[in-house]
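A.B. asks: What follows is entry_34.pdb; its format and atoms are PDB, N, CA and C atoms.
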ATOM      1  N   MET A  20      -0.495 -29.705   4.383
ATOM      2  CA  MET A  20      -0.874 -29.849   2.991
ATOM      3  C   MET A  20       0.131 -30.777   2.318
ATOM      4  N   SER A  21      -0.346 -31.728   1.558
ATOM      5  CA  SER A  21       0.529 -32.694   0.897
ATOM      6  C   SER A  21       1.147 -32.085  -0.368
ATOM      7  N   ASN A  22       2.165 -32.776  -0.867
ATOM      8  CA  ASN A  22       2.789 -32.320  -2.114
ATOM      9  C   ASN A  22       1.814 -32.372  -3.279
ATOM     10  N   ARG A  23       0.889 -33.300  -3.231
ATOM     11  CA  ARG A  23      -0.100 -33.408  -4.302
ATOM     12  C   ARG A  23      -0.978 -32.149  -4.365
ATOM     13  N   GLY A  24      -1.350 -31.621  -3.197
ATOM     14  CA  GLY A  24      -2.151 -30.392  -3.148
ATOM     15  C   GLY A  24      -1.381 -29.191  -3.644
ATOM     16  N   ILE A  25      -0.091 -29.148  -3.314
ATOM     17  CA  ILE A  25       0.747 -28.049  -3.788
ATOM     18  C   ILE A  25       0.883 -28.114  -5.306
ATOM     19  N   GLY A  26       1.055 -29.314  -5.837
ATOM     20  CA  GLY A  26       1.164 -29.486  -7.289
ATOM     21  C   GLY A  26      -0.091 -29.055  -8.011
ATOM     22  N   ARG A  27      -1.229 -29.391  -7.440
ATOM     23  CA  ARG A  27      -2.490 -28.979  -8.058
ATOM     24  C   ARG A  27      -2.665 -27.464  -8.010
ATOM     25  N   GLY A  28      -2.228 -26.851  -6.902
ATOM     26  CA  GLY A  28      -2.305 -25.394  -6.792
ATOM     27  C   GLY A  28      -1.413 -24.709  -7.816
ATOM     28  N   ARG A  29      -0.209 -25.269  -8.022
ATOM     29  CA  ARG A  29       0.702 -24.714  -9.031
ATOM     30  C   ARG A  29       0.119 -24.863 -10.422
ATOM     31  N   MET A  30      -0.491 -26.010 -10.699
ATOM     32  CA  MET A  30      -1.088 -26.243 -12.017
ATOM     33  C   MET A  30      -2.253 -25.286 -12.252
ATOM     34  N   PHE A  31      -3.085 -25.075 -11.211
ATOM     35  CA  PHE A  31      -4.209 -24.157 -11.359
ATOM     36  C   PHE A  31      -3.713 -22.736 -11.615
ATOM     37  N   LEU A  32      -2.767 -22.274 -10.789
ATOM     38  CA  LEU A  32      -2.257 -20.917 -10.949
ATOM     39  C   LEU A  32      -1.526 -20.767 -12.278
ATOM     40  N   GLY A  33      -0.780 -21.793 -12.681
ATOM     41  CA  GLY A  33      -0.099 -21.750 -13.980
ATOM     42  C   GLY A  33      -1.087 -21.690 -15.130
ATOM     43  N   GLY A  34      -2.173 -22.466 -15.038
ATOM     44  CA  GLY A  34      -3.207 -22.423 -16.069
ATOM     45  C   GLY A  34      -3.900 -21.077 -16.119
ATOM     46  N   LEU A  35      -4.135 -20.491 -14.959
ATOM     47  CA  LEU A  35      -4.757 -19.171 -14.900
ATOM     48  C   LEU A  35      -3.846 -18.108 -15.520
ATOM     49  N   LEU A  36      -2.546 -18.175 -15.209
ATOM     50  CA  LEU A  36      -1.604 -17.225 -15.800
ATOM     51  C   LEU A  36      -1.458 -17.438 -17.309
ATOM     52  N   LEU A  37      -1.510 -18.691 -17.741
ATOM     53  CA  LEU A  37      -1.457 -18.964 -19.174
ATOM     54  C   LEU A  37      -2.686 -18.398 -19.871
ATOM     55  N   PHE A  38      -3.842 -18.543 -19.254
ATOM     56  CA  PHE A  38      -5.068 -17.973 -19.804
ATOM     57  C   PHE A  38      -4.967 -16.449 -19.884
ATOM     58  N   ALA A  39      -4.432 -15.812 -18.841
ATOM     59  CA  ALA A  39      -4.247 -14.358 -18.851
ATOM     60  C   ALA A  39      -3.256 -13.949 -19.940
ATOM     61  N   ALA A  40      -2.207 -14.752 -20.133
ATOM     62  CA  ALA A  40      -1.223 -14.448 -21.182
ATOM     63  C   ALA A  40      -1.858 -14.544 -22.562
ATOM     64  N   VAL A  41      -2.722 -15.536 -22.766
ATOM     65  CA  VAL A  41      -3.401 -15.681 -24.064
ATOM     66  C   VAL A  41      -4.311 -14.480 -24.318
ATOM     67  N   ILE A  42      -5.024 -14.031 -23.308
ATOM     68  CA  ILE A  42      -5.903 -12.874 -23.470
ATOM     69  C   ILE A  42      -5.088 -11.616 -23.783
ATOM     70  N   ALA A  43      -4.007 -11.391 -23.028
ATOM     71  CA  ALA A  43      -3.158 -10.216 -23.275
ATOM     72  C   ALA A  43      -2.518 -10.283 -24.656
ATOM     73  N   TRP A  44      -2.070 -11.467 -25.043
ATOM     74  CA  TRP A  44      -1.430 -11.653 -26.350
ATOM     75  C   TRP A  44      -2.427 -11.389 -27.480
ATOM     76  N   ALA A  45      -3.629 -11.945 -27.368
ATOM     77  CA  ALA A  45      -4.637 -11.776 -28.417
ATOM     78  C   ALA A  45      -5.078 -10.310 -28.526
ATOM     79  N   THR A  46      -5.239  -9.649 -27.387
ATOM     80  CA  THR A  46      -5.632  -8.238 -27.404
ATOM     81  C   THR A  46      -4.576  -7.390 -28.092
ATOM     82  N   THR A  47      -3.317  -7.624 -27.734
ATOM     83  CA  THR A  47      -2.231  -6.864 -28.351
ATOM     84  C   THR A  47      -2.103  -7.178 -29.824
ATOM     85  N   LEU A  48      -2.285  -8.430 -30.186
ATOM     86  CA  LEU A  48      -2.184  -8.827 -31.583
ATOM     87  C   LEU A  48      -3.283  -8.180 -32.425
ATOM     88  N   MET A  49      -4.494  -8.090 -31.859
ATOM     89  CA  MET A  49      -5.588  -7.462 -32.595
ATOM     90  C   MET A  49      -5.396  -5.953 -32.730
ATOM     91  N   MET A  50      -4.697  -5.322 -31.790
ATOM     92  CA  MET A  50      -4.491  -3.878 -31.830
ATOM     93  C   MET A  50      -3.250  -3.488 -32.619
ATOM     94  N   SER A  51      -2.472  -4.463 -33.057
ATOM     95  CA  SER A  51      -1.230  -4.178 -33.757
ATOM     96  C   SER A  51      -1.516  -3.510 -35.097
ATOM     97  N   PRO A  52      -0.835  -2.404 -35.401
ATOM     98  CA  PRO A  52      -1.136  -1.658 -36.626
ATOM     99  C   PRO A  52      -0.358  -2.137 -37.848
ATOM    100  N   HIS A  53      -0.020  -3.400 -37.933
ATOM    101  CA  HIS A  53       0.717  -3.904 -39.087
ATOM    102  C   HIS A  53      -0.089  -3.686 -40.367
ATOM    103  N   GLY A  54       0.551  -3.111 -41.341
ATOM    104  CA  GLY A  54      -0.070  -2.962 -42.652
ATOM    105  C   GLY A  54      -0.989  -1.770 -42.803
ATOM    106  N   GLU A  55      -1.278  -1.067 -41.745
ATOM    107  CA  GLU A  55      -2.161   0.091 -41.854
ATOM    108  C   GLU A  55      -1.342   1.342 -42.110
ATOM    109  N   THR A  56      -1.879   2.225 -42.922
ATOM    110  CA  THR A  56      -1.189   3.486 -43.188
ATOM    111  C   THR A  56      -1.593   4.516 -42.150
ATOM    112  N   THR A  57      -0.738   5.495 -41.943
ATOM    113  CA  THR A  57      -1.021   6.553 -40.983
ATOM    114  C   THR A  57      -1.834   7.650 -41.660
ATOM    115  N   VAL A  58      -2.898   8.037 -41.025
ATOM    116  CA  VAL A  58      -3.762   9.097 -41.536
ATOM    117  C   VAL A  58      -3.121  10.446 -41.192
ATOM    118  N   GLU A  59      -3.269  11.404 -42.069
ATOM    119  CA  GLU A  59      -2.728  12.749 -41.842
ATOM    120  C   GLU A  59      -3.252  13.315 -40.522
ATOM    121  N   GLY A  60      -2.364  13.886 -39.735
ATOM    122  CA  GLY A  60      -2.743  14.516 -38.484
ATOM    123  C   GLY A  60      -2.788  13.577 -37.291
ATOM    124  N   MET A  61      -2.528  12.299 -37.491
ATOM    125  CA  MET A  61      -2.591  11.334 -36.395
ATOM    126  C   MET A  61      -1.209  10.841 -35.972
ATOM    127  N   GLU A  62      -0.141  11.495 -36.393
ATOM    128  CA  GLU A  62       1.208  11.060 -36.070
ATOM    129  C   GLU A  62       1.502  11.140 -34.575
ATOM    130  N   HIS A  63       0.828  12.063 -33.860
ATOM    131  CA  HIS A  63       1.080  12.228 -32.433
ATOM    132  C   HIS A  63       0.618  11.015 -31.614
ATOM    133  N   VAL A  64      -0.246  10.199 -32.168
ATOM    134  CA  VAL A  64      -0.745   9.015 -31.463
ATOM    135  C   VAL A  64       0.255   7.858 -31.543
ATOM    136  N   ARG A  65       1.163   7.908 -32.497
ATOM    137  CA  ARG A  65       2.091   6.807 -32.735
ATOM    138  C   ARG A  65       2.880   6.440 -31.492
ATOM    139  N   THR A  66       3.419   7.422 -30.786
ATOM    140  CA  THR A  66       4.239   7.106 -29.614
ATOM    141  C   THR A  66       3.414   6.442 -28.514
ATOM    142  N   THR A  67       2.172   6.858 -28.346
ATOM    143  CA  THR A  67       1.294   6.237 -27.349
ATOM    144  C   THR A  67       1.022   4.787 -27.698
ATOM    145  N   VAL A  68       0.755   4.525 -28.968
ATOM    146  CA  VAL A  68       0.498   3.154 -29.410
ATOM    147  C   VAL A  68       1.746   2.295 -29.258
ATOM    148  N   VAL A  69       2.897   2.839 -29.587
ATOM    149  CA  VAL A  69       4.152   2.093 -29.473
ATOM    150  C   VAL A  69       4.433   1.745 -28.015
ATOM    151  N   VAL A  70       4.231   2.685 -27.110
ATOM    152  CA  VAL A  70       4.471   2.419 -25.689
ATOM    153  C   VAL A  70       3.501   1.355 -25.176
ATOM    154  N   PHE A  71       2.230   1.446 -25.565
ATOM    155  CA  PHE A  71       1.253   0.450 -25.141
ATOM    156  C   PHE A  71       1.615  -0.938 -25.663
ATOM    157  N   LEU A  72       1.944  -1.040 -26.941
ATOM    158  CA  LEU A  72       2.281  -2.343 -27.512
ATOM    159  C   LEU A  72       3.573  -2.897 -26.926
ATOM    160  N   ARG A  73       4.552  -2.024 -26.675
ATOM    161  CA  ARG A  73       5.808  -2.478 -26.068
ATOM    162  C   ARG A  73       5.576  -3.020 -24.664
ATOM    163  N   ASN A  74       4.832  -2.280 -23.862
ATOM    164  CA  ASN A  74       4.550  -2.728 -22.496
ATOM    165  C   ASN A  74       3.718  -4.004 -22.482
ATOM    166  N   SER A  75       2.795  -4.124 -23.409
ATOM    167  CA  SER A  75       1.987  -5.345 -23.494
ATOM    168  C   SER A  75       2.837  -6.548 -23.878
ATOM    169  N   ALA A  76       3.765  -6.365 -24.808
ATOM    170  CA  ALA A  76       4.645  -7.465 -25.213
ATOM    171  C   ALA A  76       5.551  -7.881 -24.068
ATOM    172  N   ILE A  77       6.088  -6.939 -23.334
ATOM    173  CA  ILE A  77       6.942  -7.265 -22.186
ATOM    174  C   ILE A  77       6.129  -7.954 -21.092
ATOM    175  N   GLY A  78       4.946  -7.454 -20.818
ATOM    176  CA  GLY A  78       4.069  -8.102 -19.837
ATOM    177  C   GLY A  78       3.688  -9.506 -20.252
ATOM    178  N   ASN A  79       3.462  -9.697 -21.533
ATOM    179  CA  ASN A  79       3.127 -11.028 -22.029
ATOM    180  C   ASN A  79       4.302 -11.986 -21.853
ATOM    181  N   LEU A  80       5.515 -11.514 -22.085
ATOM    182  CA  LEU A  80       6.694 -12.363 -21.873
ATOM    183  C   LEU A  80       6.824 -12.765 -20.410
ATOM    184  N   VAL A  81       6.534 -11.836 -19.504
ATOM    185  CA  VAL A  81       6.592 -12.148 -18.072
ATOM    186  C   VAL A  81       5.514 -13.172 -17.699
ATOM    187  N   LEU A  82       4.288 -12.972 -18.199
ATOM    188  CA  LEU A  82       3.215 -13.925 -17.916
ATOM    189  C   LEU A  82       3.538 -15.315 -18.465
ATOM    190  N   CYS A  83       4.110 -15.377 -19.660
ATOM    191  CA  CYS A  83       4.487 -16.665 -20.247
ATOM    192  C   CYS A  83       5.564 -17.354 -19.406
ATOM    193  N   ALA A  84       6.529 -16.573 -18.928
ATOM    194  CA  ALA A  84       7.592 -17.151 -18.107
ATOM    195  C   ALA A  84       7.031 -17.706 -16.793
ATOM    196  N   LEU A  85       6.170 -16.956 -16.144
ATOM    197  CA  LEU A  85       5.568 -17.442 -14.901
ATOM    198  C   LEU A  85       4.689 -18.665 -15.131
ATOM    199  N   ALA A  86       3.890 -18.632 -16.186
ATOM    200  CA  ALA A  86       3.021 -19.774 -16.485
ATOM    201  C   ALA A  86       3.859 -21.010 -16.803
ATOM    202  N   GLY A  87       4.920 -20.857 -17.590
ATOM    203  CA  GLY A  87       5.785 -21.991 -17.899
ATOM    204  C   GLY A  87       6.448 -22.553 -16.665
ATOM    205  N   TRP A  88       6.882 -21.696 -15.752
ATOM    206  CA  TRP A  88       7.527 -22.151 -14.528
ATOM    207  C   TRP A  88       6.544 -22.916 -13.641
ATOM    208  N   LEU A  89       5.298 -22.445 -13.563
ATOM    209  CA  LEU A  89       4.311 -23.105 -12.717
ATOM    210  C   LEU A  89       3.732 -24.368 -13.361
ATOM    211  N   LEU A  90       3.653 -24.405 -14.680
ATOM    212  CA  LEU A  90       3.027 -25.549 -15.345
ATOM    213  C   LEU A  90       3.974 -26.726 -15.569
ATOM    214  N   PHE A  91       5.262 -26.521 -15.389
ATOM    215  CA  PHE A  91       6.202 -27.606 -15.612
ATOM    216  C   PHE A  91       6.968 -27.927 -14.331
ATOM    217  N   PRO A  92       6.334 -28.714 -13.439
ATOM    218  CA  PRO A  92       7.007 -29.100 -12.195
ATOM    219  C   PRO A  92       8.128 -30.106 -12.484
ATOM    220  N   GLN A  93       8.911 -30.418 -11.455
ATOM    221  CA  GLN A  93      10.025 -31.341 -11.634
ATOM    222  C   GLN A  93       9.539 -32.746 -11.987
ATOM    223  N   ARG A  94       8.497 -33.198 -11.344
ATOM    224  CA  ARG A  94       7.934 -34.510 -11.691
ATOM    225  C   ARG A  94       7.022 -34.346 -12.888
ATOM    226  N   ARG A  95       7.262 -35.094 -13.918
ATOM    227  CA  ARG A  95       6.490 -34.978 -15.152
ATOM    228  C   ARG A  95       5.211 -35.795 -15.062
ATOM    229  N   PRO A  96       4.105 -35.261 -15.547
ATOM    230  CA  PRO A  96       2.863 -36.042 -15.612
ATOM    231  C   PRO A  96       2.961 -37.116 -16.697
ATOM    232  N   ARG A  97       2.002 -37.983 -16.699
ATOM    233  CA  ARG A  97       2.016 -39.108 -17.646
ATOM    234  C   ARG A  97       1.388 -38.773 -18.985
ATOM    235  N   TRP A  98       1.013 -37.556 -19.187
ATOM    236  CA  TRP A  98       0.340 -37.184 -20.427
ATOM    237  C   TRP A  98       1.192 -36.153 -21.160
ATOM    238  N   PRO A  99       2.122 -36.584 -22.029
ATOM    239  CA  PRO A  99       3.027 -35.638 -22.689
ATOM    240  C   PRO A  99       2.359 -34.766 -23.754
ATOM    241  N   ALA A 100       1.189 -35.155 -24.251
ATOM    242  CA  ALA A 100       0.504 -34.340 -25.265
ATOM    243  C   ALA A 100       0.141 -32.970 -24.705
ATOM    244  N   ARG A 101      -0.248 -32.937 -23.437
ATOM    245  CA  ARG A 101      -0.563 -31.659 -22.785
ATOM    246  C   ARG A 101       0.683 -30.778 -22.737
ATOM    247  N   ASP A 102       1.812 -31.391 -22.394
ATOM    248  CA  ASP A 102       3.061 -30.632 -22.331
ATOM    249  C   ASP A 102       3.434 -30.054 -23.687
ATOM    250  N   TRP A 103       3.321 -30.855 -24.735
ATOM    251  CA  TRP A 103       3.673 -30.368 -26.076
ATOM    252  C   TRP A 103       2.736 -29.256 -26.528
ATOM    253  N   ALA A 104       1.462 -29.359 -26.176
ATOM    254  CA  ALA A 104       0.511 -28.300 -26.542
ATOM    255  C   ALA A 104       0.843 -26.999 -25.812
ATOM    256  N   ILE A 105       1.177 -27.096 -24.523
ATOM    257  CA  ILE A 105       1.525 -25.903 -23.762
ATOM    258  C   ILE A 105       2.828 -25.307 -24.274
ATOM    259  N   ILE A 106       3.816 -26.156 -24.574
ATOM    260  CA  ILE A 106       5.086 -25.665 -25.117
ATOM    261  C   ILE A 106       4.860 -24.953 -26.448
ATOM    262  N   GLY A 107       4.017 -25.523 -27.300
ATOM    263  CA  GLY A 107       3.713 -24.886 -28.583
ATOM    264  C   GLY A 107       3.034 -23.549 -28.413
ATOM    265  N   LEU A 108       2.048 -23.483 -27.513
ATOM    266  CA  LEU A 108       1.333 -22.233 -27.261
ATOM    267  C   LEU A 108       2.264 -21.169 -26.689
ATOM    268  N   LEU A 109       3.067 -21.559 -25.699
ATOM    269  CA  LEU A 109       4.027 -20.610 -25.130
ATOM    270  C   LEU A 109       5.041 -20.152 -26.180
ATOM    271  N   GLY A 110       5.488 -21.083 -27.016
ATOM    272  CA  GLY A 110       6.452 -20.734 -28.057
ATOM    273  C   GLY A 110       5.895 -19.723 -29.042
ATOM    274  N   VAL A 111       4.670 -19.927 -29.483
ATOM    275  CA  VAL A 111       4.047 -18.989 -30.432
ATOM    276  C   VAL A 111       3.891 -17.613 -29.797
ATOM    277  N   MET A 112       3.421 -17.575 -28.544
ATOM    278  CA  MET A 112       3.226 -16.279 -27.884
ATOM    279  C   MET A 112       4.555 -15.572 -27.631
ATOM    280  N   ILE A 113       5.581 -16.303 -27.242
ATOM    281  CA  ILE A 113       6.887 -15.690 -26.985
ATOM    282  C   ILE A 113       7.501 -15.178 -28.280
ATOM    283  N   LEU A 114       7.448 -15.980 -29.335
ATOM    284  CA  LEU A 114       8.031 -15.550 -30.611
ATOM    285  C   LEU A 114       7.310 -14.331 -31.190
ATOM    286  N   THR A 115       5.980 -14.312 -31.115
ATOM    287  CA  THR A 115       5.266 -13.143 -31.650
ATOM    288  C   THR A 115       5.502 -11.903 -30.790
ATOM    289  N   SER A 116       5.660 -12.071 -29.482
ATOM    290  CA  SER A 116       5.963 -10.920 -28.627
ATOM    291  C   SER A 116       7.355 -10.377 -28.921
ATOM    292  N   LEU A 117       8.315 -11.264 -29.113
ATOM    293  CA  LEU A 117       9.665 -10.815 -29.466
ATOM    294  C   LEU A 117       9.676 -10.133 -30.834
ATOM    295  N   TYR A 118       8.941 -10.706 -31.790
ATOM    296  CA  TYR A 118       8.837 -10.075 -33.108
ATOM    297  C   TYR A 118       8.221  -8.692 -32.998
ATOM    298  N   GLN A 119       7.198  -8.578 -32.167
ATOM    299  CA  GLN A 119       6.539  -7.287 -32.009
ATOM    300  C   GLN A 119       7.494  -6.258 -31.412
ATOM    301  N   LEU A 120       8.313  -6.659 -30.437
ATOM    302  CA  LEU A 120       9.294  -5.740 -29.864
ATOM    303  C   LEU A 120      10.311  -5.295 -30.905
ATOM    304  N   ILE A 121      10.775  -6.229 -31.729
ATOM    305  CA  ILE A 121      11.734  -5.891 -32.793
ATOM    306  C   ILE A 121      11.074  -4.983 -33.825
ATOM    307  N   TRP A 122       9.846  -5.308 -34.208
ATOM    308  CA  TRP A 122       9.135  -4.509 -35.197
ATOM    309  C   TRP A 122       8.884  -3.088 -34.684
ATOM    310  N   LEU A 123       8.491  -2.967 -33.416
ATOM    311  CA  LEU A 123       8.243  -1.642 -32.847
ATOM    312  C   LEU A 123       9.512  -0.822 -32.809
ATOM    313  N   ARG A 124      10.638  -1.452 -32.536
ATOM    314  CA  ARG A 124      11.906  -0.729 -32.513
ATOM    315  C   ARG A 124      12.244  -0.200 -33.919
ATOM    316  N   SER A 125      11.933  -0.984 -34.945
ATOM    317  CA  SER A 125      12.219  -0.527 -36.313
ATOM    318  C   SER A 125      11.251   0.572 -36.751
ATOM    319  N   VAL A 126      10.050   0.597 -36.224
ATOM    320  CA  VAL A 126       9.079   1.626 -36.584
ATOM    321  C   VAL A 126       9.444   2.966 -35.962
ATOM    322  N   VAL A 127       9.910   2.926 -34.719
ATOM    323  CA  VAL A 127      10.204   4.157 -33.997
ATOM    324  C   VAL A 127      11.527   4.754 -34.462
ATOM    325  N   HIS A 128      12.535   3.921 -34.706
ATOM    326  CA  HIS A 128      13.877   4.442 -35.052
ATOM    327  C   HIS A 128      14.117   4.443 -36.511
TER     328      HIS A 128
END
In structure tokens, write the structure found in this file.

C.D. replies:
Amino acid sequence: MSNRGIGRGRMFLGGLLLFAAVIAWATTLMMSPHGETTVEGMEHVRTTVVVFLRNSAIGNLVLCALAGWLLFPQRRPRWPARDWAIIGLLGVMILTSLYQLIWLRSVVH
């Protein structure tokens, strides 16, 4: 197998992982309880939601790291706009996941 085939395989797998990270990020973002008040008698659910959101944010950070590693090989492609778009997308997902982890820590403690 040539290096070109390996590069294409890395790009495909990196794109697939980036797509999975976007889905996980969007799902977690939609389930985030920011701004909602707690209904009486539902306090016992809080810890379950916090654990789910924490694990999702950590998983999203791992997926972003793997996708970034696979999508940015040592030899740079000739189309830098794609790179900037991927960097922007990864940056937004990483920053919101980190914010969510910080926010969850302040909610629990």

A.B. asks: Tell me which of A:Leu36, A:Cys83, A:Ile77, A:Ile42 sits closest to Leu109 of chain A, counting all atoms listed in the file.

C.D. replies: A:Cys83

A.B. asks: Quick one: of A:Ala39, A:Met50, A:Trp98, A:Ser116, who's nearest to Ser75 of chain A, counting all atoms listed in the file?

C.D. replies: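 The closest residue to Ser75 of chain A is A:Ser116.
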
A.B. asks: Considering only C-alpha atoms, state which residue in the set A:Arg124, A:His63, A:Arg73, A:Arg97 is at the smallest distance from Trp44 of chain A.

C.D. replies: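 Closest residue, counting only C-alpha atoms: A:Arg73.
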
A.B. asks: What does the structure give for the distance between atom CA of Asn79 of chain A and atom CA of Ala43 of chain A, in Å to one decimal?

C.D. replies: 6.5 Å

A.B. asks: What is the atom CA of Arg65 of chain A-atom CA of Val127 of chain A distance in Å, reported with one decimal?

C.D. replies: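 Atom CA of Arg65 of chain A sits 8.6 Å away from atom CA of Val127 of chain A.
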
A.B. asks: Show me the residues close to (-3.0, 2.2, -33.1) - anything with an atom within 7 Å, counting only N, CA and C atoms - and format the list as number ranges by chain.

C.D. replies: A: 50-52, 64-65, 68-69

A.B. asks: Could you write out the selected residues, including N, CA and C atoms, as a short mmCIF file (atom, residue, chain, number, x, y, z; two decimals), in the coordinates of the input?

C.D. replies:
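Saved result, again23.cif, follows:
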data_model
loop_
_atom_site.label_atom_id
_atom_site.label_comp_id
_atom_site.auth_asym_id
_atom_site.auth_seq_id
_atom_site.Cartn_x
_atom_site.Cartn_y
_atom_site.Cartn_z
N MET A 50 -4.70 -5.32 -31.79
CA MET A 50 -4.49 -3.88 -31.83
C MET A 50 -3.25 -3.49 -32.62
N SER A 51 -2.47 -4.46 -33.06
CA SER A 51 -1.23 -4.18 -33.76
C SER A 51 -1.52 -3.51 -35.10
N PRO A 52 -0.84 -2.40 -35.40
CA PRO A 52 -1.14 -1.66 -36.63
C PRO A 52 -0.36 -2.14 -37.85
N VAL A 64 -0.25 10.20 -32.17
CA VAL A 64 -0.74 9.02 -31.46
C VAL A 64 0.26 7.86 -31.54
N ARG A 65 1.16 7.91 -32.50
CA ARG A 65 2.09 6.81 -32.74
C ARG A 65 2.88 6.44 -31.49
N VAL A 68 0.76 4.53 -28.97
CA VAL A 68 0.50 3.15 -29.41
C VAL A 68 1.75 2.30 -29.26
N VAL A 69 2.90 2.84 -29.59
CA VAL A 69 4.15 2.09 -29.47
C VAL A 69 4.43 1.74 -28.02
#

A.B. asks: Can you pull out every residue within 6.5 Å of Leu90 of chain A, counting only N, CA and C atoms, but drop anything in the same chain fewer than 2 positions away, and send it as a PyMOL selection string?

C.D. replies: chain A and resi 29-30+33-34+85-88+92

A.B. asks: Taking only segment 21-125 of chain A into account, list the residues labelled alpha helix (DSSP H) by DSSP (computed from the backbone), as an MDAnalysis selection string.

C.D. replies: chainID A and resid 22:50 65:90 99:125

A.B. asks: Quick one: pull the distance between atom C of Phe38 of chain A and atom CA of Val70 of chain A, Å, one decimal.

C.D. replies: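 Computing it gives 21.9 Å between the two atoms.
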
A.B. asks: Which of these, A:Thr47, A:Val126, A:Gly107, A:Phe31, has the shortest distance to Leu72 of chain A once you count all atoms listed in the file?

C.D. replies: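 Counting all atoms listed in the file, the residue closest to Leu72 of chain A is A:Thr47.
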
A.B. asks: Compare A:Ala45, A:Leu37, A:Ala76, A:Ile105 by their minimum atom-to-atom distance to Trp122 of chain A, counting only C-alpha atoms, and give me the closest one.

C.D. replies: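 So, comparing all the options, the nearest one is A:Ala76.
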